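First the structure, in the form of structure tokens, and then the observations on it.
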Amino acid sequence: MTTPLLQGLPPVVDDRARVLILGSFPSVQSLAAGQYYANPQNAFWPIASELFGFAIAAPYEHRLAAMQLHGVALWDVLRHCRRNGSADSAFDRNSLVVNDFARLFAEFPALRRVYFNGAKAAELYRRLVPPTDGVHYQRLPSTSSAHAIPRAEKLAAWQVISRHPS
């Protein structure tokens with residue numbers, strides 16, 4: 001693949017974090033905006049706003065602050081990769097570099113629950129990252145518009161985060 005090596009986004013995490021939501025890698029729109037889940041067709045922010053009680057139209061920084069107030073951190077499995085477009089199926093398997101999860105869990109030991117935003121994030125993590133003792137892992141339906149199940153079903157599944165935040 002001749003596409004450039006893409007750089008992911010830094011984690012959104014602080015000392016209150018008890019829960020980590022992991023995507024696979026930011027979309028083209030998210031990379032361009034420097035924001036997680038920047039594609040307006042993605043259901044992540046509408047679902048998160050319902051779970052954590054913030055306005056969906058709030059500025060990005062306010063949405064992040066609301067997530068952190070509830071002990072939720074955001075990151076992606078991959079730090080670098082090559083990919084044509086935004087589809088998870090377009091990853092160049094030879095270019096995948098994972099984020100440093102050993103360091104993250106060491107620096108933020110209260111992170112005890114990891115929720116994968118979709119099957120690809122879960123598959124990449126389980127294939128490329130050694131599990132961390134004492135951490136609970138659970139795959140949730142992808143919030144991507146490419147994952148065509150009704151948003152109400154996605155919301156119902158994602159409610160596990162607000163019911164069991166730590």
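The chains in the structure tokens are called A, B, ... from first to last as shown; in each chain the residues are counted from 1, and the ligands are counted from 1 in the order shown.
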If we count only C-alpha atoms and set the cut-off at 7 Å, which residues sit around stretch 46-51 of chain A, ignoring sequence neighbours fewer than 3 positions away in its own chain? Please answer as a list in words.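 Surrounding residues, per the criterion: Ala43, Phe54, Ala55, Ile56, Leu155, Gln159 and Ser162 of chain A.
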Distance query A:Val114 at most 12 Å, only C-alpha atoms, self and fewer than 6 positions along chain excluded, as a PyMOL selection string: chain A and resi 17-23+71-77+101+105+121-122+125-126+131-132+134-140+160-161+164-166
Taking only C-alpha atoms into account, name the residue in A:Ala110, A:Cys81, A:Asp15, A:Tyr60 that is nearest to A:Leu96.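 That would be A:Cys81, the residue with the smallest distance to A:Leu96.
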Taking the chain letters and numbering used in this document, name the residues of stretch 52-158 of chain A that DSSP puts in alpha helix (DSSP H), as a ChimeraX atom specification. /A:52,60-69,101-107,119-128,151-158
Please extract the residues of stretch 48-111 of chain A with a backbone DSSP assignment of strand (DSSP E) and present them as a VMD selection string. chain A and resid 72 to 76 78 to 81 97 to 98
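The nearest approach to A:Asn99 among the residues A:Leu78, A:Ala57, A:Ala119, A:Leu64, with only C-alpha atoms taken into account, belongs to A:Leu78.
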Residues near A:Gly8, anyone? I mean within 10 Å using only C-alpha atoms, not counting same-chain ones fewer than 2 positions away, as an NGL selection string. :A and (5-6 or 10-11 or 24-27 or 30-31 or 34 or 36 or 75-81 or 98-99)
